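Coordinates from my_file_22.pdb are shown below (PDB, C-alpha atoms).
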```
ATOM      1  CA  MET J 400     -43.055 183.681  50.931
ATOM      2  CA  LEU J 401     -46.122 181.959  52.401
ATOM      3  CA  VAL J 402     -49.029 184.379  52.857
ATOM      4  CA  LEU J 403     -52.319 183.848  54.653
ATOM      5  CA  GLY J 404     -55.222 185.724  53.022
ATOM      6  CA  LEU J 405     -58.421 186.712  54.836
ATOM      7  CA  GLU J 406     -61.494 188.082  53.043
ATOM      8  CA  THR J 407     -64.467 189.485  55.015
ATOM      9  CA  SER J 408     -65.662 192.485  53.000
ATOM     10  CA  CYS J 409     -69.336 191.514  52.777
ATOM     11  CA  ASP J 410     -71.180 188.215  53.005
ATOM     12  CA  GLU J 411     -68.501 185.599  52.327
ATOM     13  CA  THR J 412     -65.718 184.485  54.636
ATOM     14  CA  GLY J 413     -62.627 183.482  52.670
ATOM     15  CA  VAL J 414     -59.307 182.072  53.890
ATOM     16  CA  ALA J 415     -56.394 180.964  51.698
ATOM     17  CA  LEU J 416     -52.683 180.178  51.717
ATOM     18  CA  TYR J 417     -50.592 181.397  48.790
ATOM     19  CA  ASP J 418     -46.926 180.532  48.270
ATOM     20  CA  SER J 419     -44.896 182.897  46.085
ATOM     21  CA  GLU J 420     -43.059 179.943  44.522
ATOM     22  CA  ARG J 421     -45.637 177.135  44.516
ATOM     23  CA  GLY J 422     -48.809 179.160  43.996
ATOM     24  CA  LEU J 423     -52.118 178.601  45.761
ATOM     25  CA  LEU J 424     -51.809 175.811  48.346
ATOM     26  CA  ALA J 425     -55.326 175.801  49.820
ATOM     27  CA  ASP J 426     -58.424 177.950  50.090
ATOM     28  CA  ALA J 427     -61.779 177.728  51.821
ATOM     29  CA  LEU J 428     -64.919 179.813  51.556
ATOM     30  CA  PHE J 429     -68.168 180.069  53.474
ATOM     31  CA  SER J 430     -71.035 181.893  51.791
ATOM     32  CA  GLN J 431     -73.769 183.549  53.850
ATOM     33  CA  ILE J 432     -76.363 183.432  51.071
ATOM     34  CA  ASP J 433     -78.747 181.213  53.050
ATOM     35  CA  LEU J 434     -78.413 183.491  56.074
ATOM     36  CA  HIS J 435     -79.403 186.635  54.164
ATOM     37  CA  ARG J 436     -81.836 185.161  51.638
ATOM     38  CA  VAL J 437     -84.805 185.422  53.993
ATOM     39  CA  TYR J 438     -84.221 189.198  54.185
ATOM     40  CA  GLY J 439     -83.780 189.647  50.443
ATOM     41  CA  GLY J 440     -80.297 191.147  50.855
ATOM     42  CA  VAL J 441     -77.264 191.415  53.107
ATOM     43  CA  VAL J 442     -77.877 192.411  56.730
ATOM     44  CA  PRO J 443     -74.565 193.989  57.858
ATOM     45  CA  GLU J 444     -74.796 193.046  61.546
ATOM     46  CA  LEU J 445     -75.567 189.423  60.738
ATOM     47  CA  ALA J 446     -72.723 189.357  58.230
ATOM     48  CA  SER J 447     -70.216 190.586  60.826
ATOM     49  CA  ARG J 448     -71.347 188.090  63.443
ATOM     50  CA  ASP J 449     -71.100 185.200  61.011
ATOM     51  CA  HIS J 450     -67.558 186.183  59.968
ATOM     52  CA  VAL J 451     -66.556 185.914  63.645
ATOM     53  CA  LYS J 452     -68.128 182.464  63.794
ATOM     54  CA  ARG J 453     -66.503 181.120  60.623
ATOM     55  CA  MET J 454     -62.999 182.593  60.630
ATOM     56  CA  LEU J 455     -61.060 180.225  62.917
ATOM     57  CA  PRO J 456     -62.650 176.973  61.641
ATOM     58  CA  LEU J 457     -61.812 177.996  58.064
ATOM     59  CA  LEU J 458     -58.275 178.911  59.123
ATOM     60  CA  ARG J 459     -57.768 175.503  60.708
ATOM     61  CA  GLN J 460     -59.204 173.834  57.602
ATOM     62  CA  VAL J 461     -56.843 175.659  55.241
ATOM     63  CA  LEU J 462     -53.771 174.939  57.376
ATOM     64  CA  ALA J 463     -54.694 171.267  57.480
ATOM     65  CA  GLU J 464     -55.322 171.015  53.731
ATOM     66  CA  ALA J 465     -52.009 172.717  52.956
ATOM     67  CA  ASP J 466     -50.193 170.655  55.619
ATOM     68  CA  ARG J 467     -48.765 173.839  57.119
ATOM     69  CA  LYS J 468     -48.403 175.184  60.654
ATOM     70  CA  PRO J 469     -48.728 178.771  61.902
ATOM     71  CA  GLU J 470     -44.947 179.059  62.211
ATOM     72  CA  ASP J 471     -44.640 178.436  58.450
ATOM     73  CA  ILE J 472     -46.561 181.627  57.588
ATOM     74  CA  ASP J 473     -44.472 184.647  56.579
ATOM     75  CA  GLY J 474     -47.192 187.296  56.348
ATOM     76  CA  ILE J 475     -50.920 187.946  56.543
ATOM     77  CA  ALA J 476     -53.032 189.843  54.003
ATOM     78  CA  TYR J 477     -56.570 190.930  54.770
ATOM     79  CA  THR J 478     -59.271 192.930  53.036
ATOM     80  CA  ALA J 479     -59.113 196.476  54.426
ATOM     81  CA  GLY J 480     -61.764 197.935  52.094
ATOM     82  CA  PRO J 481     -63.967 198.812  50.422
ATOM     83  CA  GLY J 482     -66.846 196.945  52.017
ATOM     84  CA  LEU J 483     -69.117 196.803  55.057
ATOM     85  CA  VAL J 484     -67.255 198.413  57.940
ATOM     86  CA  GLY J 485     -68.282 195.833  60.546
ATOM     87  CA  ALA J 486     -67.375 192.914  58.307
ATOM     88  CA  LEU J 487     -64.042 194.501  57.382
ATOM     89  CA  LEU J 488     -63.191 195.008  61.056
ATOM     90  CA  VAL J 489     -63.595 191.296  61.751
ATOM     91  CA  GLY J 490     -60.958 190.370  59.182
ATOM     92  CA  ALA J 491     -58.666 193.258  60.112
ATOM     93  CA  SER J 492     -58.723 192.530  63.843
ATOM     94  CA  CYS J 493     -58.198 188.821  63.269
ATOM     95  CA  ALA J 494     -55.278 189.464  60.905
ATOM     96  CA  GLN J 495     -53.576 191.944  63.214
ATOM     97  CA  ALA J 496     -54.015 189.686  66.245
ATOM     98  CA  LEU J 497     -52.517 186.707  64.417
ATOM     99  CA  ALA J 498     -49.693 188.828  63.007
ATOM    100  CA  PHE J 499     -48.820 190.037  66.509
ATOM    101  CA  ALA J 500     -48.989 186.522  67.972
ATOM    102  CA  TRP J 501     -46.937 184.953  65.184
ATOM    103  CA  GLY J 502     -44.472 187.824  64.790
ATOM    104  CA  VAL J 503     -45.127 188.366  61.076
ATOM    105  CA  PRO J 504     -46.146 191.445  59.042
ATOM    106  CA  ALA J 505     -49.765 192.185  58.164
ATOM    107  CA  LEU J 506     -51.051 194.166  55.192
ATOM    108  CA  GLY J 507     -54.483 195.519  54.306
ATOM    109  CA  VAL J 508     -55.452 194.768  50.697
ATOM    110  CA  HIS J 509     -57.862 196.666  48.459
ATOM    111  CA  HIS J 510     -60.816 194.389  47.745
ATOM    112  CA  MET J 511     -61.139 195.401  44.085
ATOM    113  CA  GLU J 512     -57.400 195.026  43.502
ATOM    114  CA  GLY J 513     -57.873 191.477  44.722
ATOM    115  CA  HIS J 514     -60.608 190.926  42.129
ATOM    116  CA  LEU J 515     -58.536 192.591  39.427
ATOM    117  CA  LEU J 516     -55.585 190.274  40.104
ATOM    118  CA  ALA J 517     -57.647 187.085  40.542
ATOM    119  CA  PRO J 518     -56.989 185.983  36.910
ATOM    120  CA  MET J 519     -53.285 185.864  37.861
ATOM    121  CA  LEU J 520     -54.126 182.648  39.725
ATOM    122  CA  GLU J 521     -54.845 180.885  36.426
ATOM    123  CA  GLU J 522     -52.402 178.839  34.338
ATOM    124  CA  GLN J 523     -52.254 181.516  31.635
ATOM    125  CA  PRO J 524     -52.341 184.869  33.445
ATOM    126  CA  PRO J 525     -52.577 188.155  31.517
ATOM    127  CA  GLN J 526     -49.500 190.270  30.912
ATOM    128  CA  PHE J 527     -49.404 193.991  31.692
ATOM    129  CA  PRO J 528     -50.673 196.340  30.365
ATOM    130  CA  PHE J 529     -54.361 195.567  29.930
ATOM    131  CA  VAL J 530     -57.829 197.028  30.336
ATOM    132  CA  ALA J 531     -59.819 195.619  33.254
ATOM    133  CA  LEU J 532     -63.590 195.527  33.607
ATOM    134  CA  LEU J 533     -64.392 195.251  37.303
ATOM    135  CA  VAL J 534     -68.021 194.292  37.541
ATOM    136  CA  SER J 535     -69.614 193.225  40.815
ATOM    137  CA  GLY J 536     -72.447 193.989  43.220
ATOM    138  CA  GLY J 537     -70.764 197.154  44.405
ATOM    139  CA  HIS J 538     -68.603 198.300  41.497
ATOM    140  CA  THR J 539     -68.656 198.677  37.730
ATOM    141  CA  GLN J 540     -65.396 200.201  36.529
ATOM    142  CA  LEU J 541     -63.113 200.244  33.520
ATOM    143  CA  VAL J 542     -59.470 200.572  34.501
ATOM    144  CA  ARG J 543     -56.229 200.780  32.555
ATOM    145  CA  VAL J 544     -53.714 198.545  34.331
ATOM    146  CA  ASP J 545     -50.001 199.059  33.674
ATOM    147  CA  GLY J 546     -48.831 197.069  36.683
ATOM    148  CA  ILE J 547     -49.744 196.308  40.271
ATOM    149  CA  GLY J 548     -50.768 199.612  41.804
ATOM    150  CA  ARG J 549     -50.517 201.428  38.474
ATOM    151  CA  TYR J 550     -54.182 202.040  37.766
ATOM    152  CA  ALA J 551     -55.985 204.713  35.767
ATOM    153  CA  LEU J 552     -59.766 204.872  36.067
ATOM    154  CA  LEU J 553     -61.343 205.147  32.604
ATOM    155  CA  GLY J 554     -65.018 205.009  33.556
ATOM    156  CA  GLU J 555     -67.419 203.843  36.246
ATOM    157  CA  SER J 556     -71.100 203.609  37.095
ATOM    158  CA  VAL J 557     -72.758 206.876  38.073
ATOM    159  CA  ASP J 558     -75.479 205.030  40.013
ATOM    160  CA  ASP J 559     -76.165 201.308  40.480
ATOM    161  CA  ALA J 560     -73.392 198.825  39.806
ATOM    162  CA  ALA J 561     -74.248 196.089  37.302
ATOM    163  CA  GLY J 562     -74.422 193.386  39.967
ATOM    164  CA  GLU J 563     -76.594 195.606  42.152
ATOM    165  CA  ALA J 564     -78.934 196.184  39.210
ATOM    166  CA  PHE J 565     -79.183 192.422  38.667
ATOM    167  CA  ASP J 566     -80.129 191.861  42.316
ATOM    168  CA  LYS J 567     -82.638 194.719  42.453
ATOM    169  CA  THR J 568     -84.277 193.776  39.150
ATOM    170  CA  ALA J 569     -84.630 190.181  40.292
ATOM    171  CA  LYS J 570     -86.332 191.338  43.478
ATOM    172  CA  LEU J 571     -88.691 193.628  41.554
ATOM    173  CA  ILE J 572     -89.964 190.763  39.397
ATOM    174  CA  GLY J 573     -90.319 188.398  42.345
ATOM    175  CA  LEU J 574     -87.106 186.382  42.155
ATOM    176  CA  GLY J 575     -84.959 185.269  45.066
ATOM    177  CA  TYR J 576     -81.624 186.517  46.401
ATOM    178  CA  PRO J 577     -78.984 186.719  45.035
ATOM    179  CA  GLY J 578     -80.598 187.982  41.873
ATOM    180  CA  GLY J 579     -77.771 187.735  39.350
ATOM    181  CA  PRO J 580     -77.675 183.927  39.136
ATOM    182  CA  GLU J 581     -81.490 183.808  39.153
ATOM    183  CA  ILE J 582     -81.786 186.169  36.188
ATOM    184  CA  ALA J 583     -79.050 184.302  34.307
ATOM    185  CA  ARG J 584     -80.873 181.014  34.943
ATOM    186  CA  LEU J 585     -84.245 182.292  33.725
ATOM    187  CA  ALA J 586     -82.674 184.056  30.734
ATOM    188  CA  GLN J 587     -81.655 180.678  29.330
ATOM    189  CA  THR J 588     -85.292 179.924  28.488
ATOM    190  CA  GLY J 589     -86.340 183.478  27.592
ATOM    191  CA  THR J 590     -87.905 184.330  24.240
ATOM    192  CA  PRO J 591     -85.447 186.381  22.159
ATOM    193  CA  GLY J 592     -86.906 189.620  20.839
ATOM    194  CA  ARG J 593     -90.099 189.670  22.894
ATOM    195  CA  PHE J 594     -88.796 192.628  24.914
ATOM    196  CA  THR J 595     -86.087 195.092  23.966
ATOM    197  CA  PHE J 596     -84.490 197.090  26.750
ATOM    198  CA  PRO J 597     -82.358 200.228  26.273
ATOM    199  CA  ARG J 598     -78.552 200.188  26.312
ATOM    200  CA  PRO J 599     -77.955 203.086  28.723
ATOM    201  CA  MET J 600     -75.320 205.734  27.970
ATOM    202  CA  THR J 601     -74.166 204.014  24.776
ATOM    203  CA  ASP J 602     -75.609 206.787  22.580
ATOM    204  CA  ARG J 603     -73.049 209.302  23.856
ATOM    205  CA  PRO J 604     -69.256 209.329  24.111
ATOM    206  CA  GLY J 605     -67.484 208.285  27.275
ATOM    207  CA  LEU J 606     -66.884 205.182  29.367
ATOM    208  CA  ASP J 607     -69.215 205.748  32.315
ATOM    209  CA  PHE J 608     -72.143 203.427  33.073
ATOM    210  CA  SER J 609     -75.675 203.842  34.386
ATOM    211  CA  PHE J 610     -77.964 200.934  35.250
ATOM    212  CA  SER J 611     -80.587 202.567  37.474
ATOM    213  CA  GLY J 612     -82.838 203.491  34.543
ATOM    214  CA  LEU J 613     -82.539 199.983  33.114
ATOM    215  CA  LYS J 614     -83.791 198.601  36.419
ATOM    216  CA  THR J 615     -86.778 200.987  36.266
ATOM    217  CA  PHE J 616     -87.485 199.958  32.670
ATOM    218  CA  ALA J 617     -87.620 196.308  33.762
ATOM    219  CA  LEU J 618     -90.006 197.172  36.602
ATOM    220  CA  ASN J 619     -92.332 199.104  34.278
ATOM    221  CA  THR J 620     -92.323 196.231  31.781
ATOM    222  CA  TRP J 621     -93.177 193.750  34.533
ATOM    223  CA  GLN J 622     -95.985 195.927  35.879
ATOM    224  CA  GLN J 623     -97.481 196.340  32.410
ATOM    225  CA  CYS J 624     -97.466 192.578  31.957
ATOM    226  CA  ARG J 625     -99.048 192.027  35.358
ATOM    227  CA  ASN J 626    -101.786 194.551  34.597
ATOM    228  CA  ALA J 627    -102.508 192.636  31.409
ATOM    229  CA  GLY J 628    -102.704 189.346  33.325
ATOM    230  CA  ASP J 629     -99.484 188.096  31.755
ATOM    231  CA  ASP J 630     -97.280 187.541  34.789
ATOM    232  CA  GLY J 631     -96.412 183.870  34.393
ATOM    233  CA  GLU J 632     -93.001 182.190  34.586
ATOM    234  CA  GLN J 633     -92.334 182.602  30.858
ATOM    235  CA  THR J 634     -92.815 186.358  31.097
ATOM    236  CA  ARG J 635     -90.261 186.450  33.913
ATOM    237  CA  CYS J 636     -87.885 184.488  31.697
ATOM    238  CA  ASP J 637     -88.427 186.873  28.791
ATOM    239  CA  ILE J 638     -87.809 189.943  30.965
ATOM    240  CA  ALA J 639     -84.728 188.295  32.476
ATOM    241  CA  LEU J 640     -83.333 187.640  29.002
ATOM    242  CA  ALA J 641     -83.999 191.194  27.810
ATOM    243  CA  PHE J 642     -82.392 192.637  30.944
ATOM    244  CA  GLU J 643     -79.332 190.404  30.736
ATOM    245  CA  GLN J 644     -78.878 191.166  27.039
ATOM    246  CA  ALA J 645     -79.044 194.898  27.720
ATOM    247  CA  VAL J 646     -76.430 194.738  30.487
ATOM    248  CA  VAL J 647     -74.124 192.461  28.520
ATOM    249  CA  GLU J 648     -74.298 194.536  25.346
ATOM    250  CA  THR J 649     -73.779 197.771  27.296
ATOM    251  CA  LEU J 650     -70.685 196.370  29.012
ATOM    252  CA  THR J 651     -69.377 195.037  25.703
ATOM    253  CA  ILE J 652     -69.825 198.375  23.929
ATOM    254  CA  LYS J 653     -67.975 200.213  26.701
ATOM    255  CA  CYS J 654     -65.157 197.654  26.745
ATOM    256  CA  ARG J 655     -64.752 198.034  22.981
ATOM    257  CA  ARG J 656     -64.471 201.792  23.409
ATOM    258  CA  ALA J 657     -61.915 201.407  26.194
ATOM    259  CA  LEU J 658     -59.742 199.118  24.094
ATOM    260  CA  LYS J 659     -59.872 201.522  21.143
ATOM    261  CA  GLN J 660     -59.113 204.481  23.402
ATOM    262  CA  THR J 661     -56.091 202.822  24.999
ATOM    263  CA  GLY J 662     -54.870 200.901  21.954
ATOM    264  CA  LEU J 663     -54.616 197.737  24.046
ATOM    265  CA  LYS J 664     -55.756 194.272  22.997
ATOM    266  CA  ARG J 665     -55.909 192.501  26.341
ATOM    267  CA  LEU J 666     -59.044 192.648  28.490
ATOM    268  CA  VAL J 667     -59.480 191.266  32.006
ATOM    269  CA  ILE J 668     -62.955 190.855  33.479
ATOM    270  CA  ALA J 669     -63.225 190.349  37.227
ATOM    271  CA  GLY J 670     -65.787 190.461  40.015
ATOM    272  CA  GLY J 671     -68.918 188.439  40.646
ATOM    273  CA  VAL J 672     -70.689 189.374  37.402
ATOM    274  CA  SER J 673     -67.666 188.161  35.402
ATOM    275  CA  ALA J 674     -68.962 184.628  36.023
ATOM    276  CA  ASN J 675     -71.943 185.367  33.755
ATOM    277  CA  GLN J 676     -71.553 183.121  30.730
ATOM    278  CA  SER J 677     -73.350 185.452  28.313
ATOM    279  CA  LEU J 678     -70.957 188.252  29.252
ATOM    280  CA  ARG J 679     -67.927 186.016  28.752
ATOM    281  CA  GLN J 680     -69.173 184.898  25.357
ATOM    282  CA  SER J 681     -69.941 188.440  24.221
ATOM    283  CA  LEU J 682     -66.568 189.815  25.311
ATOM    284  CA  GLY J 683     -64.767 186.815  23.847
ATOM    285  CA  LYS J 684     -66.429 187.435  20.483
ATOM    286  CA  MET J 685     -65.574 191.135  20.615
ATOM    287  CA  LEU J 686     -61.921 190.431  21.463
ATOM    288  CA  GLY J 687     -61.824 188.002  18.561
ATOM    289  CA  GLU J 688     -62.720 190.888  16.267
ATOM    290  CA  PHE J 689     -59.869 192.868  17.862
ATOM    291  CA  LYS J 690     -57.536 189.893  17.459
ATOM    292  CA  GLY J 691     -57.016 190.249  21.178
ATOM    293  CA  ASP J 692     -57.479 188.154  24.292
ATOM    294  CA  VAL J 693     -59.873 188.165  27.224
ATOM    295  CA  PHE J 694     -58.877 186.816  30.635
ATOM    296  CA  TYR J 695     -60.961 185.898  33.658
ATOM    297  CA  ALA J 696     -60.742 183.796  36.790
ATOM    298  CA  ARG J 697     -62.418 180.437  37.219
ATOM    299  CA  PRO J 698     -65.994 180.852  38.568
ATOM    300  CA  ARG J 699     -65.146 180.178  42.226
ATOM    301  CA  PHE J 700     -62.591 182.994  42.175
ATOM    302  CA  CYS J 701     -64.994 185.484  40.560
ATOM    303  CA  THR J 702     -66.944 185.972  43.771
ATOM    304  CA  ASP J 703     -65.253 187.165  46.961
ATOM    305  CA  ASN J 704     -62.538 184.766  48.117
ATOM    306  CA  GLY J 705     -59.404 184.575  50.218
ATOM    307  CA  ALA J 706     -57.169 183.391  47.366
ATOM    308  CA  MET J 707     -57.260 186.727  45.533
ATOM    309  CA  ILE J 708     -56.444 188.590  48.758
ATOM    310  CA  ALA J 709     -53.565 186.243  49.537
ATOM    311  CA  TYR J 710     -52.142 186.713  46.030
ATOM    312  CA  ALA J 711     -52.478 190.505  45.993
ATOM    313  CA  GLY J 712     -51.075 190.754  49.489
ATOM    314  CA  CYS J 713     -48.151 188.498  48.631
ATOM    315  CA  GLN J 714     -47.061 190.767  45.772
ATOM    316  CA  ARG J 715     -47.062 193.819  48.043
ATOM    317  CA  LEU J 716     -45.433 192.045  50.989
ATOM    318  CA  LEU J 717     -42.662 190.858  48.683
ATOM    319  CA  ALA J 718     -42.138 194.510  47.734
ATOM    320  CA  GLY J 719     -41.590 195.344  51.385
ATOM    321  CA  GLN J 720     -44.979 196.893  52.105
ATOM    322  CA  GLN J 721     -46.711 196.256  55.425
ATOM    323  CA  ASP J 722     -49.056 197.970  57.878
ATOM    324  CA  GLY J 723     -48.488 199.016  61.446
ATOM    325  CA  PRO J 724     -50.311 197.286  64.313
ATOM    326  CA  ALA J 725     -53.347 199.594  64.192
ATOM    327  CA  ILE J 726     -56.670 198.038  63.190
ATOM    328  CA  ALA J 727     -57.867 200.277  60.364
ATOM    329  CA  VAL J 728     -60.299 199.743  57.492
ATOM    330  CA  GLN J 729     -61.616 201.911  54.656
ATOM    331  CA  PRO J 730     -65.266 201.279  53.696
ATOM    332  CA  ARG J 731     -64.723 203.631  50.730
ATOM    333  CA  TRP J 732     -61.356 203.482  48.988
ATOM    334  CA  SER J 733     -60.255 204.447  45.480
ATOM    335  CA  MET J 734     -57.801 202.099  43.763
ATOM    336  CA  GLU J 735     -56.013 205.113  42.304
ATOM    337  CA  GLN J 736     -54.776 205.865  45.825
ATOM    338  CA  LEU J 737     -52.758 202.640  45.925
ATOM    339  CA  SER J 738     -48.976 202.753  45.625
ATOM    340  CA  ALA J 739     -47.237 200.995  42.748
ATOM    341  CA  VAL J 740     -45.221 197.822  43.224
TER     342      VAL J 740
END
```
Could you render the structure from this file as structure tokens?
Amino acid sequence: MLVLGLETSCDETGVALYDSERGLLADALFSQIDLHRVYGGVVPELASRDHVKRMLPLLRQVLAEADRKPEDIDGIAYTAGPGLVGALLVGASCAQALAFAWGVPALGVHHMEGHLLAPMLEEQPPQFPFVALLVSGGHTQLVRVDGIGRYALLGESVDDAAGEAFDKTAKLIGLGYPGGPEIARLAQTGTPGRFTFPRPMTDRPGLDFSFSGLKTFALNTWQQCRNAGDDGEQTRCDIALAFEQAVVETLTIKCRRALKQTGLKRLVIAGGVSANQSLRQSLGKMLGEFKGDVFYARPRFCTDNGAMIAYAGCQRLLAGQQDGPAIAVQPRWSMEQLSAV
């Protein structure tokens, strides 16, 4: 089965073609970072308008790269949620229109299920069951995964997601958007031990997260330094390192607890923050102690992309699932509501 995947949940337009027998044939992505950077964050209306502008050129590009024609496509998968409602509607309406014109089924895919299954695109994909850490700008969740659609939420953030905390902290200390890569870049030249930030909610049982207080701690530290006349580039680097270390260690502690609680020895990390090298190294070391394995997607499939949507949609289309012709999206959508394959 050849499936076209469309991703328009936020600020990246992704299009991909996935073949159930040959794997990923082609994918293309346009990031709106430059468009939103001047505003310091995503502007929903601008995001929606840009998805409209980019969708068809990317579709033509992917078809050309894969040497395929519209009549070769057997189904269309699109991101139906969660995400920005206007952006989601662009992908949904485009997918349903193409499905109607081409006479093929269309299926709305859960955005975070796409992230969760992105490591399946690699040469050595994880085997079920496993624990997944979904860590992005909008979500921080620990999930037990026994199969596609067989998800049990173990813990999640009670306030800011980890990626959101990265972006907000970066903005508070005067860094550009998006903040996660900026903090990771500065952390490389930070002074270890100059600042020590708390590891929130690690001093109590449970698998939930909280990063709002950590963001406030970073702001207070920065303000104290500025009041003392110590607000140079090195101080920013030192704060960035302390913040990154706190987030990474907090995520690692919670992942260790989740593995012990479930008795599993396979961990998948997915979502934009999973591209952070310090996080990968920390989790890899921890899994080594467990004599287990950690899996993640290549960096370009950690952020939003059409390939993960095409793959996830293909698995469900093969199982006979499809949507009706109605254009419907879900800005808020729990993965536990998904049916099993």
Open item on the list: When the PyMOL selection byres ((chain J and resi 730) around 6) is applied to the structure above, which residues does it catch, written out as a ChimeraX atom specification?
Closed with: /J:480-482,484,729,731
- [ ] Starting from the displayed file, determine the output of the PyMOL selection byres ((chain J and resi 667-684) around 6) and express the residue list as a list in words.
- [x] His514, Leu515, Ala531, Leu532, Leu533, Val534, Ser535, Val647, Thr651, Leu666, Met685, Leu686, Gly687, Val693, Phe694, Tyr695, Pro698, Cys701 and Thr702 of chain J
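Restricting the calculation to all atoms listed in the file, the smallest distance between Leu541 of chain J and any of J:Gln736, J:Thr661, J:Thr478, J:Gln523 is found for J:Thr661.
The smallest atom-to-atom distance between Gly712 of chain J and any of J:Leu423, J:Ala476, J:Val442, J:Cys409, using all atoms listed in the file, is found for J:Ala476.
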- [ ] List the residues matched by the PyMOL selection byres ((chain J and resi 502) around 12) in the displayed structure as a ChimeraX atom specification, ordered by chain and then by residue number.
- [x] /J:469-475,494-501,503-505,724
Next, dump the selected residues to file, keeping only C-alpha atoms, as an mmCIF file, in the coordinates of the input.
```cif
data_model
loop_
_atom_site.group_PDB
_atom_site.id
_atom_site.type_symbol
_atom_site.label_atom_id
_atom_site.label_comp_id
_atom_site.auth_asym_id
_atom_site.auth_seq_id
_atom_site.Cartn_x
_atom_site.Cartn_y
_atom_site.Cartn_z
ATOM 1 C CA PRO J 469 -48.728 178.771 61.902
ATOM 2 C CA GLU J 470 -44.947 179.059 62.211
ATOM 3 C CA ASP J 471 -44.640 178.436 58.450
ATOM 4 C CA ILE J 472 -46.561 181.627 57.588
ATOM 5 C CA ASP J 473 -44.472 184.647 56.579
ATOM 6 C CA GLY J 474 -47.192 187.296 56.348
ATOM 7 C CA ILE J 475 -50.920 187.946 56.543
ATOM 8 C CA ALA J 494 -55.278 189.464 60.905
ATOM 9 C CA GLN J 495 -53.576 191.944 63.214
ATOM 10 C CA ALA J 496 -54.015 189.686 66.245
ATOM 11 C CA LEU J 497 -52.517 186.707 64.417
ATOM 12 C CA ALA J 498 -49.693 188.828 63.007
ATOM 13 C CA PHE J 499 -48.820 190.037 66.509
ATOM 14 C CA ALA J 500 -48.989 186.522 67.972
ATOM 15 C CA TRP J 501 -46.937 184.953 65.184
ATOM 16 C CA VAL J 503 -45.127 188.366 61.076
ATOM 17 C CA PRO J 504 -46.146 191.445 59.042
ATOM 18 C CA ALA J 505 -49.765 192.185 58.164
ATOM 19 C CA PRO J 724 -50.311 197.286 64.313
#
```
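Counting all atoms listed in the file and comparing J:Gly573, J:Gly440, J:Gly605, J:Pro456, the residue that lies closest to Leu553 of chain J is J:Gly605.
With distances restricted to all atoms listed in the file, J:Val508 is the closest residue to Ala479 of chain J from J:Val646, J:Ala657, J:Val508, J:Ala465.
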TODO: Fewer than 3 positions away in the same chain doesn't count, so skip those; otherwise give me all residues within 9 Å of segment 606-618 of chain J, counting all atoms listed in the file, as number ranges by chain.
DONE: J: 539-541, 553-561, 563-565, 567-568, 571-572, 596-601, 621-623, 638-639, 641-642, 645-646, 649-650, 653-654, 656-657
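Among the candidates J:Phe529, J:Asn619, J:Gly404, J:Glu581, the residue lying nearest to Asp418 of chain J is J:Gly404 (atoms considered: all atoms listed in the file).
Between atom CA of Cys713 of chain J and atom CA of Gly546 of chain J the separation is 14.7 Å.
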Open item on the list: What's the separation between atom CA of Asp466 of chain J and atom CA of Leu488 of chain J, in Å to one decimal place?
Closed with: 28.1 Å
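Among the candidate residues J:Gly592, J:Pro580, J:Gly691, J:Pro528, the one lying nearest to Val542 of chain J is J:Pro528, with distances computed using all atoms listed in the file.
Our summary of the geometry notes that atom CA of Ser408 of chain J is positioned 7.4 Å from atom CA of His510 of chain J.
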TODO: Compute the distance from (-77.9, 195.7, 60.5) to each atom, counting all atoms listed in the file, keep the residues with any atom at most 12 Å away, and return them as a ChimeraX atom specification; use the coordinates of the file.
DONE: /J:435,438,440-448,483-486
Open item on the list: Given the point (-67.6, 183.3, 61.3) in the file's coordinates, find the residues that have an atom at most 10 Å from it, counting only C-alpha atoms, and give them as an NGL selection string.
Closed with: :J and (407 or 411-413 or 429 or 431 or 446-457 or 489-490)
